[in-house]
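Everything below belongs to run12.tsv, which stores TSV, C-alpha atoms and all ligand atoms.
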chain	number	residue	atom	x	y	z
A	259	MET	CA	-6.18	-15.64	-11.69
A	260	THR	CA	-9.70	-14.49	-10.82
A	261	PRO	CA	-10.98	-10.95	-11.45
A	262	GLU	CA	-11.28	-10.56	-7.64
A	263	SER	CA	-7.58	-11.19	-7.11
A	264	ARG	CA	-6.79	-8.49	-9.71
A	265	ARG	CA	-8.77	-5.99	-7.61
A	266	LEU	CA	-7.02	-2.88	-6.33
A	267	ASP	CA	-8.50	0.13	-4.53
A	268	GLY	CA	-8.69	3.91	-4.82
A	269	ASN	CA	-5.12	4.23	-3.58
A	270	ALA	CA	-3.93	2.73	-6.86
A	271	ALA	CA	-5.84	5.31	-8.94
A	272	ALA	CA	-4.66	8.37	-7.00
A	273	GLY	CA	-1.50	8.98	-9.03
A	274	ARG	CA	-3.38	9.00	-12.33
A	275	LEU	CA	-6.14	11.16	-10.89
A	276	SER	CA	-3.50	13.69	-9.81
A	277	ASP	CA	-3.18	14.51	-13.52
A	278	VAL	CA	-6.74	15.84	-13.29
A	279	PHE	CA	-7.34	16.99	-9.71
A	280	VAL	CA	-5.26	19.28	-7.51
A	281	PHE	CA	-6.71	17.66	-4.37
A	282	ASP	CA	-5.91	14.18	-3.08
A	283	ALA	CA	-8.57	11.95	-4.62
A	284	THR	CA	-8.29	9.09	-2.09
A	285	ALA	CA	-9.67	11.22	0.77
A	286	ALA	CA	-12.45	12.81	-1.34
A	287	ARG	CA	-15.83	11.59	-0.04
A	288	THR	CA	-17.45	10.09	-3.09
A	289	ARG	CA	-21.17	9.39	-3.50
A	290	CYS	CA	-22.01	6.45	-5.74
A	291	GLY	CA	-24.50	7.31	-8.46
A	292	GLY	CA	-25.81	3.75	-8.34
A	293	CYS	CA	-26.70	3.17	-4.68
A	294	GLY	CA	-26.02	6.53	-3.02
A	295	MET	CA	-23.39	5.14	-0.62
A	296	THR	CA	-20.73	7.69	0.37
A	297	ALA	CA	-17.12	6.79	1.23
A	298	PRO	CA	-13.61	8.11	0.61
A	299	LEU	CA	-12.46	7.19	-2.90
A	300	GLY	CA	-9.68	5.13	-1.26
A	301	VAL	CA	-12.35	2.59	-0.26
A	302	TYR	CA	-13.61	2.12	-3.85
A	303	HIS	CA	-12.56	-0.89	-5.90
A	304	VAL	CA	-10.22	-0.35	-8.81
A	305	TYR	CA	-9.49	-2.68	-11.69
A	306	ALA	CA	-6.34	-1.75	-13.59
A	307	ASP	CA	-6.32	-3.01	-17.11
A	308	ALA	CA	-3.92	-1.10	-19.27
A	309	PRO	CA	-4.21	1.50	-20.66
A	310	GLY	CA	-7.06	2.36	-18.31
A	311	MET	CA	-8.52	1.92	-14.87
A	312	VAL	CA	-12.12	1.27	-13.85
A	313	VAL	CA	-13.38	2.44	-10.43
A	314	ARG	CA	-16.34	0.54	-8.96
A	315	CYS	CA	-18.53	1.05	-5.88
A	316	PRO	CA	-17.54	-1.39	-3.09
A	317	THR	CA	-21.21	-1.76	-2.09
A	318	CYS	CA	-23.10	-2.20	-5.39
A	319	GLU	CA	-20.15	-2.67	-7.85
A	320	ALA	CA	-21.58	0.05	-10.13
A	321	MET	CA	-18.95	1.64	-12.35
A	322	VAL	CA	-18.32	5.15	-11.05
A	323	MET	CA	-15.24	6.26	-13.01
A	324	ARG	CA	-13.13	5.22	-15.95
A	325	ILE	CA	-9.68	6.66	-16.58
A	326	ALA	CA	-7.66	6.07	-19.71
A	327	GLN	CA	-4.23	7.50	-20.37
A	328	THR	CA	-1.97	7.63	-23.37
A	329	PRO	CA	1.22	9.73	-23.48
A	330	GLY	CA	0.16	13.38	-23.31
A	331	HIS	CA	-3.54	12.57	-22.95
A	332	THR	CA	-5.93	11.76	-20.11
A	333	TRP	CA	-9.58	10.74	-20.58
A	334	LEU	CA	-11.87	10.61	-17.55
A	335	ASP	CA	-15.50	9.42	-17.43
A	336	MET	CA	-17.13	10.32	-14.09
A	337	SER	CA	-20.72	9.65	-15.10
A	338	GLY	CA	-21.20	7.16	-12.23
A	339	VAL	CA	-20.26	9.65	-9.49
A	340	ALA	CA	-23.18	11.48	-7.87
A	341	ALA	CA	-21.00	13.88	-5.83
A	342	LEU	CA	-17.48	14.53	-4.59
A	343	ASP	CA	-16.95	16.19	-1.20
A	344	ILE	CA	-13.46	17.63	-0.77
A	345	SER	CA	-11.96	19.06	2.43
A	346	THR	CA	-10.03	22.24	1.61
B	1479	MET	CA	-6.53	29.19	2.44
B	1480	ALA	CA	-2.79	28.83	2.75
B	1481	ARG	CA	-2.83	25.06	2.73
B	1482	THR	CA	-4.75	24.97	-0.52
B	1483	ALA	CA	-2.76	27.76	-2.08
B	1484	ILE	CA	0.57	26.00	-1.65
B	1485	ARG	CA	-0.77	22.68	-2.86
B	1486	ARG	CA	1.02	21.86	-6.06
B	1487	ARG	CA	0.12	19.56	-8.86
B	1488	LEU	CA	2.18	16.38	-8.72
B	1489	THR	CA	4.61	16.18	-11.59
B	1490	TRP	CA	6.98	13.51	-12.78
B	1491	ARG	CA	10.47	14.12	-11.47
B	1492	LEU	CA	13.83	12.40	-11.40
B	1493	ALA	CA	15.13	10.54	-8.38
B	1494	THR	CA	18.74	9.41	-8.08
B	1495	VAL	CA	19.33	5.93	-6.71
B	1496	ALA	CA	21.66	6.31	-3.69
B	1497	ALA	CA	21.67	2.58	-2.91
B	1498	ASN	CA	20.06	-0.66	-4.00
B	1499	ALA	CA	20.53	-3.37	-1.38
B	1500	SER	CA	19.04	-6.77	-0.71
B	1501	GLU	CA	16.49	-6.54	2.12
B	1502	ALA	CA	15.00	-10.06	2.23
B	1503	ARG	CA	14.55	-12.98	-0.17
B	1504	ALA	CA	13.75	-11.48	-3.61
B	1505	VAL	CA	13.24	-8.07	-2.00
B	1506	HIS	CA	15.42	-5.01	-2.47
B	1507	ARG	CA	15.48	-1.64	-0.75
B	1508	LEU	CA	16.00	1.26	-3.13
B	1509	SER	CA	17.14	4.42	-1.35
B	1510	LEU	CA	16.39	7.48	-3.44
B	1511	GLN	CA	17.74	11.01	-3.36
B	1512	ILE	CA	15.06	13.42	-4.59
B	1513	ASP	CA	15.86	17.13	-4.94
B	1514	GLY	CA	13.16	19.38	-3.51
B	1515	TRP	CA	11.26	16.54	-1.80
B	1516	ASP	CA	8.88	18.27	0.62
B	1517	GLY	CA	8.38	15.28	2.89
B	1518	HIS	CA	5.55	12.79	3.05
B	1519	LEU	CA	3.18	11.05	5.43
B	1520	PRO	CA	3.76	7.42	6.38
B	1521	GLY	CA	1.41	5.29	4.27
B	1522	GLN	CA	1.79	7.37	1.11
B	1523	HIS	CA	3.25	5.91	-2.06
B	1524	VAL	CA	4.95	7.00	-5.26
B	1525	ASP	CA	4.28	6.01	-8.85
B	1526	VAL	CA	7.40	4.91	-10.72
B	1527	ARG	CA	7.42	5.19	-14.51
B	1528	LEU	CA	9.75	3.30	-16.83
B	1529	THR	CA	10.14	4.25	-20.48
B	1530	ALA	CA	11.51	1.80	-23.04
B	1531	PRO	CA	13.74	3.03	-25.91
B	1532	ASP	CA	10.72	2.72	-28.26
B	1533	GLY	CA	8.67	5.05	-26.01
B	1534	TYR	CA	6.54	2.35	-24.36
B	1535	GLN	CA	5.82	3.28	-20.74
B	1536	ALA	CA	4.85	1.25	-17.68
B	1537	GLN	CA	3.97	2.69	-14.28
B	1538	ARG	CA	3.59	0.98	-10.91
B	1539	SER	CA	2.94	2.16	-7.36
B	1540	TYR	CA	5.39	1.59	-4.49
B	1541	SER	CA	4.81	2.50	-0.87
B	1542	ILE	CA	7.33	4.76	0.83
B	1543	ALA	CA	9.11	2.57	3.39
B	1544	SER	CA	11.10	5.36	5.08
B	1545	ALA	CA	9.94	7.96	7.59
B	1546	PRO	CA	9.76	11.63	6.58
B	1547	GLU	CA	12.77	12.18	8.88
B	1548	SER	CA	14.93	9.89	6.72
B	1549	PRO	CA	17.51	11.57	4.42
B	1550	THR	CA	16.47	9.25	1.57
B	1551	VAL	CA	13.08	8.15	0.26
B	1552	ASP	CA	13.18	4.35	0.41
B	1553	LEU	CA	11.12	1.82	-1.55
B	1554	VAL	CA	11.01	-1.87	-0.73
B	1555	VAL	CA	10.38	-3.82	-3.92
B	1556	GLN	CA	9.59	-7.50	-4.21
B	1557	ARG	CA	10.76	-9.15	-7.42
B	1558	LEU	CA	8.09	-11.05	-9.36
B	1559	ASP	CA	10.11	-13.08	-11.82
B	1560	ASP	CA	7.53	-12.75	-14.58
B	1561	GLY	CA	6.68	-9.13	-13.76
B	1562	GLU	CA	7.20	-6.24	-16.12
B	1563	VAL	CA	8.61	-3.63	-13.73
B	1564	SER	CA	9.76	-5.19	-10.43
B	1565	PRO	CA	12.68	-7.31	-11.81
B	1566	TYR	CA	14.14	-4.17	-13.36
B	1567	LEU	CA	13.90	-2.26	-10.07
B	1568	THR	CA	15.42	-5.03	-7.96
B	1569	ASP	CA	18.11	-6.30	-10.34
B	1570	GLY	CA	18.56	-3.71	-13.09
B	1571	VAL	CA	19.02	-0.52	-11.10
B	1572	ARG	CA	22.41	0.61	-9.69
B	1573	ALA	CA	23.52	3.44	-7.41
B	1574	GLY	CA	23.76	6.61	-9.50
B	1575	ASP	CA	20.96	5.60	-11.90
B	1576	GLN	CA	17.94	7.85	-12.24
B	1577	LEU	CA	14.28	6.87	-11.97
B	1578	GLU	CA	11.22	8.83	-12.98
B	1579	LEU	CA	8.54	9.07	-10.28
B	1580	ARG	CA	5.76	11.21	-8.89
B	1581	GLY	CA	4.54	11.59	-5.34
B	1582	PRO	CA	3.94	11.55	-2.51
B	1583	ILE	CA	0.48	10.17	-3.34
B	1584	GLY	CA	-2.55	9.50	-1.12
B	1585	GLY	CA	-4.13	11.06	1.96
B	1586	TYR	CA	-6.46	8.23	2.95
B	1587	PHE	CA	-4.14	5.34	3.81
B	1588	VAL	CA	-1.87	7.41	6.09
B	1589	TRP	CA	-0.89	7.73	9.72
B	1590	ARG	CA	-0.11	11.07	11.35
B	1591	ALA	CA	1.83	11.54	14.57
B	1592	GLU	CA	-1.11	13.63	15.94
B	1593	PHE	CA	-3.31	10.50	15.92
B	1594	ASP	CA	-3.30	9.19	19.48
B	1595	SER	CA	-5.77	6.29	19.28
B	1596	PRO	CA	-4.34	2.76	19.49
B	1597	LEU	CA	-3.02	1.71	16.11
B	1598	GLN	CA	-3.16	-1.80	14.73
B	1599	LEU	CA	-1.08	-2.63	11.67
B	1600	VAL	CA	-1.64	-5.88	9.76
B	1601	ALA	CA	0.77	-6.72	6.92
B	1602	GLY	CA	1.25	-9.57	4.48
B	1603	GLY	CA	4.61	-9.90	2.67
B	1604	SER	CA	5.78	-6.65	1.06
B	1605	GLY	CA	2.65	-5.02	2.52
B	1606	VAL	CA	4.82	-4.21	5.53
B	1607	ALA	CA	6.56	-1.46	3.49
B	1608	PRO	CA	4.32	1.48	4.51
B	1609	PHE	CA	4.36	0.28	8.12
B	1610	LEU	CA	8.16	0.53	8.29
B	1611	ALA	CA	7.58	4.24	7.60
B	1612	VAL	CA	4.79	4.42	10.20
B	1613	LEU	CA	6.91	2.80	12.93
B	1614	ASP	CA	10.04	4.88	12.22
B	1615	HIS	CA	7.93	8.06	12.23
B	1616	HIS	CA	6.18	6.97	15.43
B	1617	ALA	CA	9.64	6.66	17.05
B	1618	ALA	CA	11.06	9.91	15.59
B	1619	ALA	CA	8.01	11.93	16.57
B	1620	GLY	CA	7.97	10.47	20.08
B	1621	SER	CA	4.33	9.44	19.64
B	1622	GLY	CA	2.63	7.92	22.67
B	1623	ALA	CA	0.02	6.06	20.60
B	1624	PRO	CA	0.11	2.34	21.44
B	1625	VAL	CA	0.96	0.32	18.32
B	1626	ARG	CA	0.82	-3.33	17.39
B	1627	LEU	CA	2.03	-4.93	14.18
B	1628	LEU	CA	0.82	-8.35	13.06
B	1629	TYR	CA	2.97	-9.39	10.10
B	1630	SER	CA	2.63	-12.52	7.98
B	1631	ALA	CA	5.65	-13.71	5.97
B	1632	ARG	CA	6.51	-17.06	4.42
B	1633	SER	CA	9.77	-17.77	6.23
B	1634	ILE	CA	12.32	-15.92	8.31
B	1635	ASP	CA	14.32	-15.08	5.14
B	1636	ASP	CA	11.24	-13.37	3.71
B	1637	VAL	CA	10.83	-11.00	6.67
B	1638	ILE	CA	11.38	-7.42	5.53
B	1639	GLY	CA	13.01	-4.94	7.94
B	1640	ARG	CA	13.76	-7.66	10.49
B	1641	GLU	CA	16.40	-5.77	12.51
B	1642	ARG	CA	14.43	-2.56	12.56
B	1643	LEU	CA	11.29	-4.40	13.72
B	1644	GLN	CA	13.34	-5.96	16.50
B	1645	GLN	CA	14.39	-2.46	17.61
B	1646	HIS	CA	10.78	-1.30	17.56
B	1647	ALA	CA	9.79	-4.32	19.67
B	1648	GLU	CA	12.48	-3.33	22.19
B	1649	ARG	CA	10.97	0.14	22.56
B	1650	GLY	CA	7.55	-1.28	23.34
B	1651	ILE	CA	5.84	-1.77	19.97
B	1652	GLY	CA	3.92	-5.05	19.86
B	1653	VAL	CA	5.53	-6.91	16.96
B	1654	THR	CA	4.06	-10.34	16.16
B	1655	ILE	CA	5.39	-12.21	13.15
B	1656	ALA	CA	3.60	-15.24	11.73
B	1657	LEU	CA	5.69	-17.48	9.49
B	1658	THR	CA	3.37	-19.38	7.20
B	1659	ARG	CA	5.57	-21.94	5.47
B	1660	GLU	CA	8.77	-22.58	7.34
B	1661	GLN	CA	9.95	-21.72	10.84
B	1662	PRO	CA	13.56	-21.74	12.08
B	1663	PRO	CA	14.42	-24.00	15.04
B	1664	GLY	CA	13.22	-22.46	18.30
B	1665	TRP	CA	10.93	-19.96	16.53
B	1666	ALA	CA	9.09	-18.00	19.22
B	1667	GLY	CA	6.61	-16.23	16.93
B	1668	LEU	CA	3.44	-17.57	15.35
B	1669	SER	CA	3.37	-20.39	12.83
B	1670	GLY	CA	0.81	-20.69	10.08
B	1671	ARG	CA	-1.70	-18.38	8.51
B	1672	LEU	CA	-3.67	-15.50	9.95
B	1673	THR	CA	-6.91	-17.31	10.69
B	1674	PRO	CA	-9.88	-15.41	12.17
B	1675	ARG	CA	-8.87	-16.87	15.56
B	1676	VAL	CA	-5.27	-15.63	15.29
B	1677	ILE	CA	-6.56	-12.22	14.29
B	1678	ARG	CA	-8.96	-12.07	17.20
B	1679	GLU	CA	-6.15	-13.01	19.62
B	1680	HIS	CA	-3.36	-10.79	18.32
B	1681	VAL	CA	-5.16	-7.61	17.27
B	1682	TRP	CA	-6.21	-4.89	19.75
B	1683	PRO	CA	-9.69	-5.76	21.02
B	1684	ALA	CA	-12.54	-3.96	19.26
B	1685	ASP	CA	-13.75	-2.25	22.44
B	1686	GLY	CA	-10.47	-0.27	22.61
B	1687	ARG	CA	-11.54	1.31	19.28
B	1688	PRO	CA	-8.18	0.97	17.53
B	1689	SER	CA	-7.64	2.40	14.09
B	1690	ILE	CA	-6.49	-0.37	11.79
B	1691	LEU	CA	-4.36	-0.32	8.66
B	1692	VAL	CA	-4.13	-3.50	6.56
B	1693	CYS	CA	-1.74	-3.84	3.61
B	1694	GLY	CA	-0.64	-6.64	1.30
B	1695	SER	CA	-1.90	-8.74	-1.57
B	1696	THR	CA	-5.59	-8.42	-2.45
B	1697	THR	CA	-6.47	-11.93	-1.24
B	1698	PHE	CA	-4.65	-11.31	2.04
B	1699	VAL	CA	-6.13	-7.91	2.90
B	1700	GLU	CA	-9.69	-8.89	2.01
B	1701	ALA	CA	-9.59	-12.02	4.18
B	1702	VAL	CA	-8.02	-10.06	7.06
B	1703	ALA	CA	-10.65	-7.32	6.75
B	1704	ASP	CA	-13.43	-9.97	6.91
B	1705	SER	CA	-11.87	-11.49	10.04
B	1706	LEU	CA	-11.58	-8.06	11.67
B	1707	VAL	CA	-15.26	-7.32	11.04
B	1708	GLU	CA	-16.12	-10.77	12.43
B	1709	ALA	CA	-14.06	-9.90	15.54
B	1710	GLY	CA	-16.30	-6.86	16.07
B	1711	HIS	CA	-14.27	-4.04	14.50
B	1712	GLU	CA	-16.23	-1.37	12.68
B	1713	ALA	CA	-15.65	-1.37	8.94
B	1714	ALA	CA	-15.03	2.39	9.07
B	1715	ALA	CA	-12.09	1.88	11.48
B	1716	ILE	CA	-10.33	-0.40	8.98
B	1717	ARG	CA	-8.33	1.16	6.14
B	1718	ILE	CA	-6.89	-1.16	3.58
B	1719	GLU	CA	-4.42	-0.94	0.73
B	1720	ARG	CA	-4.36	-3.67	-1.91
B	1721	PHE	CA	-1.14	-4.40	-3.78
B	1722	GLY	CA	-2.90	-6.78	-6.20
B	1723	ASP	CA	-2.22	-10.51	-6.37
B	1724	VAL	CA	0.46	-12.42	-8.18
B	1725	LYS	CA	0.17	-15.85	-9.77
B	1726	GLY	CA	-0.02	-18.47	-7.05
B	1727	ALA	CA	-0.82	-15.84	-4.43
B	1728	ARG	CA	-3.77	-17.86	-3.16
B	1729	ARG	CA	-1.36	-20.52	-2.02
B	1730	ASP	CA	1.12	-18.09	-0.47
B	1731	SER	CA	-0.99	-15.20	0.68
B	1732	GLY	CA	-0.80	-15.95	4.40
B	1733	VAL	CA	-4.53	-16.38	4.89
B	1734	PRO	CA	-6.56	-19.60	4.83
B	1735	THR	CA	-7.58	-20.49	1.28
B	1736	THR	CA	-10.87	-22.02	2.36
B	1737	ARG	CA	-12.26	-18.62	3.23
B	1738	ARG	CA	-12.95	-17.38	-0.30
C	1	LIG	C1	-0.76	1.55	-3.74
C	1	LIG	C2	0.19	0.43	-4.07
C	1	LIG	C3	1.40	0.32	-3.38
C	1	LIG	C4	2.27	-0.73	-3.67
C	1	LIG	N1	3.45	-0.83	-2.96
C	1	LIG	C5	4.32	-1.82	-3.22
C	1	LIG	C6	5.54	-1.95	-2.46
C	1	LIG	O1	5.82	-1.16	-1.56
C	1	LIG	N2	6.38	-2.99	-2.77
C	1	LIG	C7	6.08	-3.90	-3.76
C	1	LIG	O2	6.91	-4.79	-4.02
C	1	LIG	N3	4.93	-3.79	-4.49
C	1	LIG	C8	4.06	-2.78	-4.25
C	1	LIG	N4	2.89	-2.69	-4.99
C	1	LIG	C9	2.71	-3.59	-6.16
C	1	LIG	C10	3.42	-2.98	-7.38
C	1	LIG	O3	2.75	-1.79	-7.77
C	1	LIG	C11	3.41	-3.89	-8.61
C	1	LIG	O4	2.12	-4.35	-8.85
C	1	LIG	C12	4.35	-5.08	-8.46
C	1	LIG	O5	5.69	-4.63	-8.27
C	1	LIG	C13	4.29	-5.97	-9.70
C	1	LIG	O6	4.65	-5.23	-10.82
C	1	LIG	P1	5.36	-5.95	-12.07
C	1	LIG	O7	5.38	-4.96	-13.18
C	1	LIG	O8	6.68	-6.53	-11.66
C	1	LIG	O9	4.42	-7.15	-12.39
C	1	LIG	P2	3.26	-7.19	-13.50
C	1	LIG	O10	3.87	-7.27	-14.86
C	1	LIG	O11	2.32	-6.09	-13.24
C	1	LIG	O12	2.60	-8.58	-13.13
C	1	LIG	C14	2.12	-8.83	-11.77
C	1	LIG	C15	1.66	-10.29	-11.66
C	1	LIG	O13	0.42	-10.43	-12.30
C	1	LIG	C16	0.52	-11.36	-13.34
C	1	LIG	N5	-0.29	-10.80	-14.44
C	1	LIG	C17	-0.06	-9.66	-15.12
C	1	LIG	N6	-1.05	-9.42	-16.00
C	1	LIG	C18	-1.94	-10.44	-15.88
C	1	LIG	C19	-3.20	-10.76	-16.49
C	1	LIG	N7	-3.75	-9.98	-17.41
C	1	LIG	N8	-3.84	-11.89	-16.10
C	1	LIG	C20	-3.31	-12.69	-15.16
C	1	LIG	N9	-2.13	-12.43	-14.55
C	1	LIG	C21	-1.46	-11.32	-14.88
C	1	LIG	C22	1.99	-11.52	-13.66
C	1	LIG	O14	2.28	-12.82	-14.13
C	1	LIG	C23	2.62	-11.26	-12.31
C	1	LIG	O15	2.69	-12.44	-11.52
C	1	LIG	C24	1.97	-1.67	-4.70
C	1	LIG	C25	0.76	-1.55	-5.39
C	1	LIG	C26	-0.13	-0.53	-5.09
C	1	LIG	C27	-1.41	-0.44	-5.85
C	2	ZN	ZN	-22.96	1.91	-5.15
Show the structure stored in the file as structure tokens.
Amino acid sequence: MTPESRRLDGNAAAGRLSDVFVFDATAARTRCGGCGMTAPLGVYHVYADAPGMVVRCPTCEAMVMRIAQTPGHTWLDMSGVAALDIST
Amino acid sequence: MARTAIRRRLTWRLATVAANASEARAVHRLSLQIDGWDGHLPGQHVDVRLTAPDGYQAQRSYSIASAPESPTVDLVVQRLDDGEVSPYLTDGVRAGDQLELRGPIGGYFVWRAEFDSPLQLVAGGSGVAPFLAVLDHHAAAGSGAPVRLLYSARSIDDVIGRERLQQHAERGIGVTIALTREQPPGWAGLSGRLTPRVIREHVWPADGRPSILVCGSTTFVEAVADSLVEAGHEAAAIRIERFGDVKGARRDSGVPTTRR
């Protein structure tokens, strides 16, 4: 199995991100810190490799987020995100 | 803002299995009773979490296959024999059992009855699950949006929601099924994989500016999305949801393997 066929998208990360955010993450317009491209998080690529998930830009493949979860604990690295734009 | 104020954090909750019935080859429909369920949008999913006696947990996402008008929240689960979670859901769960889940999840890959632009749905295998919810909601809400479904399955026994799709076809939904591996005698649908040519012929033309939802295995949805862009559709009009791939999916994904 190739890494490409293991690829998911932002939809697959939304449940885990709901432990952190009160808004729906998949619709949040997300600006990539690597190339500046902006798209809903649902468009981003996600690689799920337990116990974490890595979110990558669909344009430049830069890592924008990493999420790791253990029972009772969530760790989120958003250092690759330049901005999030949320409709409220 | 009222909408924001009533938004609640999603929490894990218990669902009671009302029924677990065979839906197609190696596919079961789990109908769930969930107290206090506030409804959902077609296209949304839930996360299901299983906990082993030793505390080990596994969670997986499953699309909601029933319309918000349905009395139960239904999931359509395909059994992967070597999978961690799906064999338990299809074969280990009985009516009356409880499952832990959270949802509804996702606001990007959704269809709302207020949307009136032409809608094109493209599904591979169990990727039809969210579209069963879309089509039932389209009917219940009396939507006038024109809809077409292009659905790739391996054989007639693998077609999920066959009777319901037939009923939708009778009320004017364009339902085209492509059987990739095996066709019954007298099969009137398409045979073979969803090549760029098949996609160009059976999807709403790009100049009608349809919104497009594509769902299925990763290999399938990515090849379909490429063909759609080749056929002139704007990337921004195409929303996709990847279920991941399973072993051997390249062979069975319903798209030509030479493309990637
Ligand atoms: C948003 C979303 C919605 C979904 N909706 C549905 C739905 O409605 N219906 C449905 O049936 N499925 C759906 N899925 C897929 C579902 O979440 C599960 O992935 C699926 O049920 C398989 O889970 P499993 O635990 O049985 O298999 P897993 O144990 O996760 O294994 C999956 C496959 O990958 C292989 N595999 C596992 N790990 C590796 C590895 N490290 N390297 C190589 N191969 C590996 C296994 O052999 C197996 O073939 C959805 C997925 C997403 C992201
Ligand atoms: Zn980028």
Give me the residues near Pro298 in chain A as a ChimeraX atom specification, where near means some atom within 9 Å (using all atoms listed in the file) and where sequence neighbours in that chain fewer than 3 positions away do not count. /A:268,283-289,301-302,343 /B:1586
Could you make a table, as a Markdown table, of the residues of chain A that have an atom within 7 Å of an atom of ligand ZN 2 (chain C), each with its nearest atom pair and distance in Å to one decimal, counting all atoms listed in the file, in chain and number order?
| residue | atom | partner | partner_atom | distance |
| --- | --- | --- | --- | --- |
| A:Cys290 | CA | C:ZN2 | ZN | 4.7 |
| A:Gly291 | CA | C:ZN2 | ZN | 6.5 |
| A:Gly292 | CA | C:ZN2 | ZN | 4.7 |
| A:Cys293 | CA | C:ZN2 | ZN | 4.0 |
| A:Gly294 | CA | C:ZN2 | ZN | 5.9 |
| A:Met295 | CA | C:ZN2 | ZN | 5.6 |
| A:Cys315 | CA | C:ZN2 | ZN | 4.6 |
| A:Pro316 | CA | C:ZN2 | ZN | 6.7 |
| A:Thr317 | CA | C:ZN2 | ZN | 5.1 |
| A:Cys318 | CA | C:ZN2 | ZN | 4.1 |
| A:Glu319 | CA | C:ZN2 | ZN | 6.0 |
| A:Ala320 | CA | C:ZN2 | ZN | 5.5 |
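Picture a line from CA of Pro1565 in chain B to CA of Gln1522 in chain B; it runs 22.4 Å.
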Give me, as a PyMOL selection string, the residues of chain B touching chain A, with the criterion being at most 7 Å (counting only C-alpha atoms). chain B and resi 1482+1486-1488+1525+1539+1583-1586+1696-1697+1719-1723+1725
Give me, as CSV, the closest atom pair and its distance (Å, one decimal) for every residue of chain B within a cut-off of 9 Å of ligand LIG 1 (chain C), counting only C-alpha atoms and all ligand atoms, rows sorted by chain and rising number.
residue,atom,partner,partner_atom,distance
B:Val1505,CA,C:LIG1,O2,7.4
B:His1506,CA,C:LIG1,O2,8.7
B:Gln1522,CA,C:LIG1,C1,8.0
B:His1523,CA,C:LIG1,C3,6.0
B:Val1524,CA,C:LIG1,C3,7.8
B:Asp1525,CA,C:LIG1,O3,8.0
B:Val1526,CA,C:LIG1,O3,8.7
B:Ala1536,CA,C:LIG1,O7,7.7
B:Gln1537,CA,C:LIG1,O7,7.9
B:Arg1538,CA,C:LIG1,O3,4.3
B:Ser1539,CA,C:LIG1,O3,4.0
B:Tyr1540,CA,C:LIG1,N1,3.5
B:Ser1541,CA,C:LIG1,O1,3.9
B:Ile1542,CA,C:LIG1,O1,6.6
B:Ala1543,CA,C:LIG1,O1,7.0
B:Leu1553,CA,C:LIG1,O1,6.1
B:Val1554,CA,C:LIG1,N2,5.2
B:Val1555,CA,C:LIG1,O2,3.6
B:Gln1556,CA,C:LIG1,O2,3.8
B:Arg1557,CA,C:LIG1,O8,6.4
B:Leu1558,CA,C:LIG1,O8,5.3
B:Asp1559,CA,C:LIG1,O8,7.4
B:Asp1560,CA,C:LIG1,O14,5.3
B:Gly1561,CA,C:LIG1,O9,3.3
B:Glu1562,CA,C:LIG1,O7,3.7
B:Val1563,CA,C:LIG1,O7,3.5
B:Ser1564,CA,C:LIG1,O8,3.6
B:Pro1565,CA,C:LIG1,O8,6.1
B:Tyr1566,CA,C:LIG1,O8,8.0
B:Leu1567,CA,C:LIG1,O8,8.5
B:Ile1583,CA,C:LIG1,C1,8.7
B:Gly1584,CA,C:LIG1,C1,8.6
B:Gly1603,CA,C:LIG1,O2,8.7
B:Ser1604,CA,C:LIG1,N2,5.3
B:Gly1605,CA,C:LIG1,O1,6.4
B:Val1606,CA,C:LIG1,O1,7.8
B:Ala1607,CA,C:LIG1,O1,5.1
B:Pro1608,CA,C:LIG1,O1,6.8
B:Cys1693,CA,C:LIG1,C3,8.7
B:Gly1694,CA,C:LIG1,C24,8.2
B:Ser1695,CA,C:LIG1,C9,8.3
B:Glu1719,CA,C:LIG1,C1,6.3
B:Arg1720,CA,C:LIG1,C27,5.9
B:Phe1721,CA,C:LIG1,C25,3.8
B:Gly1722,CA,C:LIG1,O4,6.2
B:Asp1723,CA,C:LIG1,O13,6.5
B:Val1724,CA,C:LIG1,O15,4.0
B:Lys1725,CA,C:LIG1,O15,4.6
B:Gly1726,CA,C:LIG1,O15,8.0
B:Ala1727,CA,C:LIG1,O15,8.6
Name all residues at most 6 Å from range 1659-1676 of chain B (count only C-alpha atoms; drop same-chain ones fewer than 2 positions away) and give them as number ranges by chain. B: 1632-1633, 1655-1657, 1678-1679, 1705, 1732-1733
Compare A:Thr296, A:Leu275, A:Ile344, A:Val339 by their minimum atom-to-atom distance to Met311 in chain A, counting only C-alpha atoms, and give me the closest one.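 Nearest candidate to Met311 in chain A out of A:Thr296, A:Leu275, A:Ile344, A:Val339: A:Leu275.
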Tell me, as a count of residues only, which residues lie within 8 Å of range 1594-1596 of chain B, counting all atoms listed in the file; anything in the same chain fewer than 4 positions away does not count. 10
Quick one: pull the distance between CA of Gly1652 in chain B and CA of Leu1628 in chain B, Å, one decimal.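 So the answer is 8.2 Å.
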